[in-house]
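Next comes work-v7.cif, a file with mmCIF, C-alpha atoms.
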```cif
data_coords
#
loop_
_atom_site.label_atom_id
_atom_site.label_comp_id
_atom_site.auth_asym_id
_atom_site.auth_seq_id
_atom_site.Cartn_x
_atom_site.Cartn_y
_atom_site.Cartn_z
CA MET A 1 -19.55 33.14 74.07
CA SER A 2 -20.83 29.64 73.41
CA GLU A 3 -21.21 28.25 69.88
CA ALA A 4 -24.93 27.71 70.52
CA LEU A 5 -25.39 31.36 71.49
CA LEU A 6 -23.42 32.57 68.45
CA SER A 7 -25.56 30.40 66.18
CA ALA A 8 -28.76 31.69 67.77
CA LEU A 9 -27.66 35.31 67.40
CA ALA A 10 -26.68 34.76 63.76
CA GLU A 11 -30.05 33.15 63.05
CA ALA A 12 -31.90 36.03 64.69
CA LEU A 13 -29.88 38.67 62.82
CA ALA A 14 -30.29 36.87 59.47
CA GLY A 15 -34.05 36.67 60.04
CA LEU A 16 -34.26 40.33 60.99
CA VAL A 17 -32.21 41.44 57.96
CA THR A 18 -34.36 39.36 55.63
CA ALA A 19 -37.57 40.69 57.17
CA VAL A 20 -36.37 44.28 56.70
CA GLU A 21 -35.30 43.69 53.10
CA THR A 22 -38.54 41.97 52.11
CA SER A 23 -41.03 44.21 53.92
CA ASP A 24 -43.51 46.25 51.89
CA GLU A 25 -43.34 50.04 52.11
CA ASP A 26 -46.59 50.17 54.09
CA VAL A 27 -45.04 47.89 56.71
CA LEU A 28 -41.62 49.51 57.03
CA ASP A 29 -40.49 52.99 55.93
CA PRO A 30 -37.90 52.48 53.14
CA ASP A 31 -35.59 55.21 54.44
CA THR A 32 -35.53 53.60 57.86
CA ALA A 33 -34.79 50.20 56.34
CA VAL A 34 -31.91 51.53 54.24
CA LYS A 35 -30.42 53.42 57.19
CA TRP A 36 -30.59 50.33 59.42
CA LEU A 37 -29.07 48.04 56.80
CA GLU A 38 -26.27 50.50 56.00
CA SER A 39 -25.43 50.91 59.68
CA THR A 40 -25.36 47.16 60.18
CA GLY A 41 -23.20 46.70 57.10
CA HIS A 42 -20.75 49.34 58.35
CA THR A 43 -20.44 47.54 61.69
CA LEU A 44 -19.85 44.14 60.06
CA ALA A 45 -17.27 45.62 57.69
CA GLY A 46 -15.10 46.37 60.73
CA LEU A 47 -14.70 42.69 61.55
CA THR A 48 -11.46 40.89 60.81
CA GLU A 49 -11.30 38.57 57.81
CA ASP A 50 -11.46 35.51 60.09
CA ASP A 51 -14.50 36.89 61.91
CA ARG A 52 -16.25 37.70 58.63
CA ARG A 53 -15.67 34.15 57.46
CA THR A 54 -17.04 32.81 60.73
CA LEU A 55 -20.13 35.00 60.52
CA ASP A 56 -20.64 34.01 56.89
CA GLY A 57 -20.62 30.36 57.95
CA LEU A 58 -23.08 31.01 60.77
CA PHE A 59 -25.47 32.88 58.46
CA ARG A 60 -25.34 30.10 55.88
CA ALA A 61 -25.82 27.39 58.50
CA ALA A 62 -28.85 29.27 59.83
CA ALA A 63 -30.29 29.58 56.32
CA LEU A 64 -29.87 25.88 55.64
CA ARG A 65 -31.86 25.02 58.76
CA ALA A 66 -34.88 26.72 57.18
CA PRO A 67 -37.19 24.73 54.88
CA GLU A 68 -36.51 25.01 51.16
CA GLY A 69 -38.29 27.91 49.54
CA ALA A 70 -38.27 31.67 49.08
CA TRP A 71 -37.48 32.47 52.75
CA ARG A 72 -34.40 30.25 52.77
CA ASP A 73 -33.27 31.77 49.45
CA GLU A 74 -33.48 35.23 51.01
CA LEU A 75 -31.57 34.09 54.10
CA LEU A 76 -28.78 32.73 51.89
CA ARG A 77 -28.34 36.20 50.40
CA VAL A 78 -27.62 37.88 53.75
CA SER A 79 -23.87 37.16 53.63
CA GLU A 80 -23.62 38.47 50.07
CA GLY A 81 -25.52 41.63 50.94
CA PHE A 82 -23.07 42.47 53.70
CA GLY A 83 -19.97 41.50 51.72
CA LEU A 84 -19.24 38.53 53.97
CA ALA A 85 -19.47 35.77 51.42
CA PHE A 86 -16.90 34.22 49.11
CA GLY A 87 -13.83 35.00 51.20
CA LEU A 88 -13.53 38.40 49.45
CA THR A 89 -15.21 41.11 51.50
CA GLU A 90 -16.04 44.74 50.73
CA ASP A 91 -12.29 45.28 50.71
CA THR A 92 -12.20 42.74 47.89
CA HIS A 93 -9.55 44.46 45.85
CA ALA A 94 -6.78 44.33 48.46
CA ALA A 95 -7.90 40.92 49.70
CA ALA A 96 -7.72 39.45 46.20
CA CYS A 97 -4.26 40.97 45.63
CA ASP A 98 -3.03 39.34 48.84
CA ALA A 99 -4.64 36.04 47.86
CA VAL A 100 -2.91 36.06 44.46
CA LEU A 101 0.44 36.28 46.21
CA ASP A 102 -0.47 33.58 48.74
CA HIS A 103 -1.62 31.09 46.09
CA THR A 104 1.38 31.83 43.87
CA ARG A 105 3.76 31.10 46.72
CA ARG A 106 2.00 27.77 47.20
CA LEU A 107 2.38 27.06 43.48
CA ALA A 108 6.04 28.05 43.56
CA ALA A 109 6.65 25.60 46.42
CA VAL A 110 5.19 22.78 44.32
CA VAL A 111 7.21 23.79 41.25
CA ARG A 112 10.45 24.23 43.21
CA ASP A 113 10.50 20.65 44.47
CA ALA A 114 9.17 18.82 41.40
CA ASP A 115 10.51 17.59 38.07
CA PRO A 116 9.70 20.33 35.51
CA ALA A 117 8.98 17.62 32.94
CA THR A 118 6.10 16.22 35.02
CA PRO A 119 2.98 15.90 32.82
CA VAL A 120 -0.05 17.95 33.90
CA PRO A 121 -3.23 15.87 33.42
CA GLY A 122 -5.53 18.90 33.70
CA CYS A 123 -3.74 20.62 30.81
CA PRO A 124 -3.06 18.01 28.12
CA ASP A 125 0.34 18.32 26.40
CA TRP A 126 1.64 20.59 29.18
CA THR A 127 4.47 19.85 31.56
CA LEU A 128 4.87 21.47 34.96
CA ALA A 129 7.36 23.86 33.33
CA ASP A 130 4.73 24.85 30.73
CA LEU A 131 2.21 25.50 33.48
CA ALA A 132 4.66 27.66 35.42
CA ARG A 133 5.45 29.70 32.31
CA HIS A 134 1.74 30.19 31.63
CA VAL A 135 0.89 31.39 35.15
CA GLY A 136 3.90 33.70 35.27
CA THR A 137 2.87 35.11 31.90
CA VAL A 138 -0.69 35.77 33.12
CA HIS A 139 0.65 37.71 36.11
CA ARG A 140 2.91 39.91 33.98
CA TRP A 141 0.25 40.43 31.30
CA ALA A 142 -2.33 41.50 33.89
CA GLU A 143 0.18 43.79 35.63
CA HIS A 144 0.90 45.50 32.32
CA LEU A 145 -2.81 46.06 31.63
CA VAL A 146 -3.49 47.48 35.11
CA ARG A 147 -0.40 49.70 35.05
CA THR A 148 -0.98 51.11 31.55
CA ARG A 149 -4.80 51.21 31.76
CA ALA A 150 -4.92 49.68 28.29
CA ALA A 151 -8.13 50.57 26.45
CA THR A 152 -7.81 47.73 23.94
CA ARG A 153 -6.67 44.14 24.05
CA VAL A 154 -2.95 43.53 24.56
CA LEU A 155 -1.43 40.17 23.65
CA ALA A 156 0.82 38.47 26.19
CA GLU A 157 3.52 38.16 23.53
CA ASP A 158 3.70 41.96 23.40
CA VAL A 159 4.43 42.28 27.13
CA PRO A 160 7.95 42.08 28.65
CA LEU A 161 8.01 38.73 30.45
CA ASP A 162 11.61 38.49 31.72
CA PRO A 163 11.51 34.72 31.10
CA PRO A 164 13.35 32.43 33.48
CA THR A 165 16.80 31.27 32.47
CA GLY A 166 15.94 27.64 33.15
CA PRO A 167 13.62 25.32 35.09
CA ALA A 168 15.44 25.93 38.36
CA ALA A 169 14.43 29.61 38.18
CA TYR A 170 10.71 29.06 37.57
CA ALA A 171 9.66 29.21 41.24
CA ASP A 172 11.35 32.54 41.94
CA TRP A 173 10.13 33.94 38.62
CA LEU A 174 6.56 33.04 39.55
CA VAL A 175 6.75 34.79 42.92
CA ALA A 176 8.45 37.86 41.44
CA GLY A 177 5.65 38.26 38.88
CA ALA A 178 2.95 37.84 41.50
CA GLU A 179 4.61 40.38 43.78
CA ARG A 180 4.79 42.89 40.94
CA PHE A 181 1.17 42.32 39.97
CA ALA A 182 -0.09 42.54 43.56
CA ALA A 183 1.81 45.77 44.20
CA THR A 184 0.56 47.41 41.00
CA ALA A 185 -3.04 46.31 41.45
CA ARG A 186 -3.16 47.19 45.15
CA GLY A 187 -2.02 50.71 44.37
CA ALA A 188 -4.51 51.21 41.53
CA ASP A 189 -8.02 52.63 41.64
CA PRO A 190 -10.33 49.59 41.41
CA ASP A 191 -12.88 51.66 39.47
CA ALA A 192 -10.44 52.85 36.82
CA PRO A 193 -11.44 51.69 33.32
CA VAL A 194 -9.24 49.17 31.52
CA TRP A 195 -9.87 46.58 28.83
CA SER A 196 -10.75 43.16 30.19
CA PRO A 197 -11.58 39.80 28.60
CA GLY A 198 -14.72 39.48 30.72
CA ALA A 199 -17.79 41.31 31.94
CA ASP A 200 -16.10 44.06 33.96
CA PRO A 201 -13.78 46.48 32.08
CA HIS A 202 -12.22 47.94 35.22
CA VAL A 203 -9.09 47.43 37.25
CA ARG A 204 -11.10 45.54 39.89
CA HIS A 205 -11.58 42.69 37.40
CA TYR A 206 -7.92 41.71 37.41
CA PRO A 207 -7.14 40.69 41.00
CA ARG A 208 -10.08 38.26 40.91
CA HIS A 209 -9.26 37.07 37.40
CA VAL A 210 -5.62 36.44 38.28
CA LEU A 211 -6.50 34.87 41.64
CA PHE A 212 -8.91 32.36 40.15
CA GLU A 213 -6.57 31.52 37.27
CA THR A 214 -3.78 30.91 39.78
CA LEU A 215 -6.08 28.88 42.04
CA VAL A 216 -7.06 26.46 39.26
CA HIS A 217 -3.49 26.05 38.05
CA LEU A 218 -2.28 25.51 41.61
CA ALA A 219 -4.76 22.62 41.74
CA ASP A 220 -3.36 21.41 38.38
CA ALA A 221 0.18 21.36 39.77
CA GLU A 222 -0.85 19.61 42.98
CA LEU A 223 -2.82 16.97 41.08
CA ALA A 224 0.14 16.42 38.76
CA VAL A 225 2.69 16.05 41.54
CA ASP A 226 0.70 14.62 44.46
CA GLY A 227 -2.40 13.16 42.82
CA LYS A 228 -4.63 15.37 44.98
CA THR A 229 -5.22 19.04 45.61
CA GLY A 230 -4.32 20.96 48.71
CA PRO A 231 -7.02 22.74 50.70
CA LEU A 232 -9.41 24.79 48.55
CA ASP A 233 -11.07 27.55 50.55
CA PRO A 234 -14.83 27.02 49.99
CA ALA A 235 -15.63 30.73 49.97
CA THR A 236 -12.93 31.56 47.43
CA ALA A 237 -13.92 28.57 45.29
CA THR A 238 -17.52 29.82 45.29
CA ALA A 239 -16.34 33.25 44.16
CA ALA A 240 -14.33 31.56 41.40
CA VAL A 241 -17.44 29.70 40.22
CA ASP A 242 -19.31 33.01 40.06
CA HIS A 243 -16.46 34.61 38.14
CA PHE A 244 -16.50 31.77 35.60
CA LEU A 245 -20.26 32.01 35.09
CA THR A 246 -20.17 35.80 34.81
CA ASP A 247 -17.37 35.90 32.24
CA ALA A 248 -18.36 32.82 30.19
CA PRO A 249 -20.74 34.73 27.86
CA TYR A 250 -17.83 37.04 26.92
CA ILE A 251 -15.53 34.16 25.94
CA ALA A 252 -16.22 33.18 22.35
CA ARG A 253 -14.88 29.64 22.79
CA ILE A 254 -17.59 29.10 25.41
CA ALA A 255 -20.41 31.36 24.24
CA GLU A 256 -20.59 30.00 20.71
CA PRO A 257 -20.84 26.28 21.61
CA VAL A 258 -23.38 27.08 24.36
CA SER A 259 -25.51 28.97 21.82
CA ARG A 260 -25.67 25.80 19.69
CA LEU A 261 -26.66 23.41 22.49
CA GLY A 262 -30.34 23.37 21.58
CA ARG A 263 -31.27 22.99 25.23
CA ASP A 264 -33.46 26.09 25.59
CA GLY A 265 -35.55 26.09 28.75
CA THR A 266 -33.49 23.52 30.59
CA VAL A 267 -32.15 24.30 34.07
CA LEU A 268 -28.84 23.11 35.52
CA ARG A 269 -28.32 23.56 39.26
CA LEU A 270 -24.97 23.49 41.08
CA VAL A 271 -25.18 22.89 44.82
CA ALA A 272 -22.17 23.26 47.13
CA ARG A 273 -22.52 20.93 50.10
CA ASP A 274 -19.97 22.71 52.28
CA THR A 275 -21.28 26.27 51.91
CA GLY A 276 -24.89 25.76 50.89
CA ALA A 277 -24.30 28.00 47.86
CA VAL A 278 -26.71 27.34 45.00
CA ARG A 279 -26.14 28.43 41.40
CA THR A 280 -29.03 27.96 38.96
CA LEU A 281 -28.29 28.13 35.23
CA VAL A 282 -31.14 28.57 32.74
CA LEU A 283 -30.25 27.86 29.11
CA GLY A 284 -31.92 29.67 26.24
CA GLY A 285 -31.91 32.76 24.09
CA GLY A 286 -28.61 31.83 22.50
CA GLY A 287 -26.82 31.50 25.83
CA PHE A 288 -27.66 31.19 29.50
CA THR A 289 -28.47 33.18 32.62
CA TRP A 290 -27.68 32.30 36.21
CA THR A 291 -28.84 33.22 39.70
CA ARG A 292 -27.75 32.59 43.29
CA ASP A 293 -30.96 30.88 44.33
CA THR A 294 -33.04 27.78 43.72
CA GLY A 295 -35.14 29.54 41.08
CA ALA A 296 -36.81 27.38 38.44
CA GLU A 297 -37.39 23.65 38.74
CA PRO A 298 -34.09 22.01 37.74
CA THR A 299 -33.65 19.67 34.81
CA ALA A 300 -30.42 18.40 36.36
CA VAL A 301 -28.63 18.89 39.67
CA VAL A 302 -25.01 18.21 40.60
CA GLU A 303 -23.82 18.40 44.21
CA ALA A 304 -20.30 18.48 45.64
CA ASP A 305 -18.13 20.76 47.75
CA ALA A 306 -17.49 24.21 46.29
CA GLY A 307 -13.90 23.46 45.29
CA GLU A 308 -14.95 20.27 43.55
CA LEU A 309 -17.64 22.12 41.60
CA LEU A 310 -15.05 24.70 40.52
CA LEU A 311 -12.70 22.00 39.28
CA LEU A 312 -15.60 20.26 37.52
CA LEU A 313 -16.43 23.46 35.61
CA HIS A 314 -12.78 23.68 34.59
CA ARG A 315 -12.70 19.97 33.65
CA ARG A 316 -10.09 19.06 36.27
CA TYR A 317 -12.53 16.49 37.67
CA GLY A 318 -14.74 14.29 35.56
CA ALA A 319 -18.46 14.29 36.26
CA ASP A 320 -18.27 10.57 37.09
CA ASP A 321 -15.92 11.20 40.02
CA PRO A 322 -17.51 9.81 43.19
CA CYS A 323 -17.36 13.21 44.89
CA PHE A 324 -20.33 14.29 42.73
CA THR A 325 -23.97 13.43 43.30
CA HIS A 326 -26.32 13.69 40.31
CA THR A 327 -30.09 13.89 39.99
CA GLY A 328 -32.25 14.56 36.95
CA ASP A 329 -31.05 14.63 33.35
CA ARG A 330 -27.34 13.80 33.54
CA GLY A 331 -27.09 14.45 29.78
CA LEU A 332 -27.66 18.17 30.39
CA LEU A 333 -24.56 18.38 32.58
CA ASP A 334 -22.52 16.44 30.03
CA ASP A 335 -23.69 18.74 27.23
CA TRP A 336 -22.86 21.84 29.29
CA LEU A 337 -19.37 20.55 30.15
CA ALA A 338 -18.67 19.67 26.53
CA ALA A 339 -19.79 23.10 25.32
CA THR A 340 -17.83 25.08 27.92
CA ALA A 341 -14.50 23.23 27.63
CA LEU A 342 -11.61 25.60 26.95
#
```

Same coordinates, now as structure tokens:
Amino acid sequence: MSEALLSALAEALAGLVTAVETSDEDVLDPDTAVKWLESTGHTLAGLTEDDRRTLDGLFRAAALRAPEGAWRDELLRVSEGFGLAFGLTEDTHAAACDAVLDHTRRLAAVVRDADPATPVPGCPDWTLADLARHVGTVHRWAEHLVRTRAATRVLAEDVPLDPPTGPAAYADWLVAGAERFAATARGADPDAPVWSPGADPHVRHYPRHVLFETLVHLADAELAVDGKTGPLDPATATAAVDHFLTDAPYIARIAEPVSRLGRDGTVLRLVARDTGAVRTLVLGGGGFTWTRDTGAEPTAVVEADAGELLLLLHRRYGADDPCFTHTGDRGLLDDWLAATAL
């Protein structure tokens, strides 16, 4: 099937889905709409991961061909509605567990071949050995929480870490911890309650949390050793951005400075060039809210690829890096980045 035909079919399906979802009850019977959407979702869920990613890209490309406005915003939600977006599908739990292991193996390869005393610019005062110990600790801490279904906070220092005997053992120690975490989390009920540091106190929180922590620190290690990051999957980076924005209000070191910004009513928009994903942040009420659409008129806009936006939010890239394009009140972005620094 030609690329042109695939694109045309994706555009037609996205338009049909959006029309069904936005129709009034007197135009389309709600029960019929729900049945059709559920049937379509079931069919798409049977696609392979690669095919889901491809379809996600086709849907987003079709949406971006539409003029800016409410219709395009609805089209951009089609992938999310069918669990196609962000590289983590309806089977997100198992997919995230697998991705934790994949990214940890990449990190271990960097650590194995590098000087453990290498400074890590993204984590001031850390060496590569410090970073490896931190990531391995996160894996073991999260595995303990998922396995024990802890109802209250558990400190990492209270968890058996089996620390490496020396720098030469860090790489294998990292992989062993990731394998243990992935096996425990994959075998757990995603809906089981457990304490979490973020918005979702369930087991399903942890594979994503650990994946995105590992992803950012993999980038740290690559930047420290090679001066550049390896490939950052745009869909997974977008999911990591969402995770950061969702959990930020639950992190006191972020929530408190944001509450003191004095920028009520201002709007910061993040635009990913490679995926078309838009995240709109509205400050006010002692914090902020965010949506996956263009929403209110922005006070400031920053554009880059999804992975670059993720690393900007985590302060691995500076806002003056040439990969970013700015419009509007640049001071709002600077204030936000200063307030949300960990």

Dump as a PDB file with C-alpha atoms, in the coordinates of the input all residues having an atom at most 7 Å from (4.3, 32.4, 38.0), computed in the file's coordinates with only C-alpha atoms.
```pdb
ATOM      1  CA  THR A 104       1.380  31.830  43.870  1.00  0.00           C
ATOM      2  CA  ALA A 132       4.660  27.660  35.420  1.00  0.00           C
ATOM      3  CA  ARG A 133       5.450  29.700  32.310  1.00  0.00           C
ATOM      4  CA  VAL A 135       0.890  31.390  35.150  1.00  0.00           C
ATOM      5  CA  GLY A 136       3.900  33.700  35.270  1.00  0.00           C
ATOM      6  CA  THR A 137       2.870  35.110  31.900  1.00  0.00           C
ATOM      7  CA  HIS A 139       0.650  37.710  36.110  1.00  0.00           C
ATOM      8  CA  TRP A 173      10.130  33.940  38.620  1.00  0.00           C
ATOM      9  CA  LEU A 174       6.560  33.040  39.550  1.00  0.00           C
ATOM     10  CA  VAL A 175       6.750  34.790  42.920  1.00  0.00           C
ATOM     11  CA  GLY A 177       5.650  38.260  38.880  1.00  0.00           C
ATOM     12  CA  ALA A 178       2.950  37.840  41.500  1.00  0.00           C
TER      13      ALA A 178
END
```

Review point. So which residues fall inside 12 Å of (-19.1, 35.8, 39.2) if we count only C-alpha atoms? Mind giving them as a list in words?
Key: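 I get Phe86, Leu88, Gly198, Ala199, Asp200, His205, Arg208, His209, Phe212, Thr236, Ala237, Thr238, Ala239, Ala240, Val241, Asp242, His243, Phe244, Leu245, Thr246, Asp247, Ala248, Pro249, Arg279, Thr289, Trp290, Thr291, Arg292 and Leu310 of chain A for the residues within 12 Å of that point.
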
Practice item. Run the PyMOL selection byres ((chain A and resi 189) around 10) on the file and write out the hits as a ChimeraX atom specification. Key: /A:93,146,185-188,190-193,202-204

Env of segment 253-259 of chain A: 10 Å cut, atoms = all atoms listed in the file, seq-sep filter 2 positions within chain, self excluded. Answer as a compact mmCIF listing (two decimals) with C-alpha atoms, in the frame of the given file.
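What landed in out-v7.txt:
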```
# COMPACT_ATOMS: atom_id res chain seq x y z
CA ASP A 247 -17.37 35.90 32.24
CA ALA A 248 -18.36 32.82 30.19
CA PRO A 249 -20.74 34.73 27.86
CA TYR A 250 -17.83 37.04 26.92
CA ILE A 251 -15.53 34.16 25.94
CA LEU A 261 -26.66 23.41 22.49
CA GLY A 262 -30.34 23.37 21.58
CA ARG A 263 -31.27 22.99 25.23
CA ASP A 264 -33.46 26.09 25.59
CA LEU A 283 -30.25 27.86 29.11
CA GLY A 284 -31.92 29.67 26.24
CA GLY A 285 -31.91 32.76 24.09
CA GLY A 286 -28.61 31.83 22.50
CA GLY A 287 -26.82 31.50 25.83
CA PHE A 288 -27.66 31.19 29.50
CA ASP A 335 -23.69 18.74 27.23
CA TRP A 336 -22.86 21.84 29.29
CA LEU A 337 -19.37 20.55 30.15
CA ALA A 338 -18.67 19.67 26.53
CA ALA A 339 -19.79 23.10 25.32
CA THR A 340 -17.83 25.08 27.92
CA ALA A 341 -14.50 23.23 27.63
CA LEU A 342 -11.61 25.60 26.95
```

Exercise for review: Could you please determine the separation between atom CA of Trp195 of chain A and atom CA of Ala150 of chain A in Å, to one decimal place?
Suggested key: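 Between atom CA of Trp195 of chain A and atom CA of Ala150 of chain A the gap works out to 5.9 Å.
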
**Study point:** Separation of atom CA of Val278 of chain A from atom CA of Asp293 of chain A, in Å and rounded to one decimal
**Key:**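 Going from atom CA of Val278 of chain A over to atom CA of Asp293 of chain A, I get 5.6 Å.
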
Review point. So which one's closest to Ala95 of chain A, A:Thr280, A:Asp226, A:Ala182, A:Asp334? Using all atoms listed in the file, please.
Key: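 Counting all atoms listed in the file, the residue closest to Ala95 of chain A is A:Ala182.
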
Exercise for review: Can you give me, as a count of residues only, the residues this file yields under the PyMOL selection byres ((chain A and resi 318-332) around 6)?
Suggested key: 10

Exercise for review: Run through the PyMOL selection byres ((chain A and resi 306) around 6) on the given coordinates and return the selected residues as a ChimeraX atom specification.
Suggested key: /A:234,237-238,272,305,307-309

**Study point:** Selected residue of minimal separation from Asp162 of chain A among A:Pro121, A:Ala108, A:Ala176, A:Arg149, counting all atoms listed in the file
**Key:**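 When distances to Asp162 of chain A are compared using all atoms listed in the file, the smallest one comes from A:Ala176.
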
Point to revise | Shell of 6 Å around Thr229 of chain A, only C-alpha atoms, local chain residues under 2 positions omitted, as a PyMOL selection string | key: chain A and resi 219+222-223

Study note, to complete from the structure: As a check of understanding: the span from atom CA of Arg105 of chain A to atom CA of Val138 of chain A is 15.1 Å

**Study point:** Long-range neighbours of Pro119 of chain A as a list of chain:residue names, 9 Å cut-off, all atoms listed in the file, 3 positions minimum in chain
**Key:**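 Everything that qualifies: A:Pro116, A:Cys123, A:Pro124, A:Asp125, A:Trp126, A:Thr127, A:Leu128, A:Ala224, A:Val225.
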
Export of prior selection with C-alpha atoms as a PDB file, in the coordinates of the input:
```
ATOM      1  CA  PRO A 116       9.700  20.330  35.510  1.00  0.00           C
ATOM      2  CA  CYS A 123      -3.740  20.620  30.810  1.00  0.00           C
ATOM      3  CA  PRO A 124      -3.060  18.010  28.120  1.00  0.00           C
ATOM      4  CA  ASP A 125       0.340  18.320  26.400  1.00  0.00           C
ATOM      5  CA  TRP A 126       1.640  20.590  29.180  1.00  0.00           C
ATOM      6  CA  THR A 127       4.470  19.850  31.560  1.00  0.00           C
ATOM      7  CA  LEU A 128       4.870  21.470  34.960  1.00  0.00           C
ATOM      8  CA  ALA A 224       0.140  16.420  38.760  1.00  0.00           C
ATOM      9  CA  VAL A 225       2.690  16.050  41.540  1.00  0.00           C
TER      10      VAL A 225
END
```

**Study point:** Best match for closeness to Pro201 of chain A among A:Tyr170, A:Leu76, A:Ala183, A:Arg153, counting all atoms listed in the file
**Key:**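 The closest residue to Pro201 of chain A is A:Arg153.
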
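Across A:Trp36, A:Phe59, A:Phe181, A:Trp71, the tightest approach to Ala12 of chain A is made by A:Phe59 when counting only C-alpha atoms.
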
Exercise for review: Point out the residue among A:Asp115, A:Leu55, A:Pro197, A:Asp73 with the least atom-to-atom distance to Leu155 of chain A, counting all atoms listed in the file.
Suggested key: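 So, comparing all the options, the nearest one is A:Pro197.
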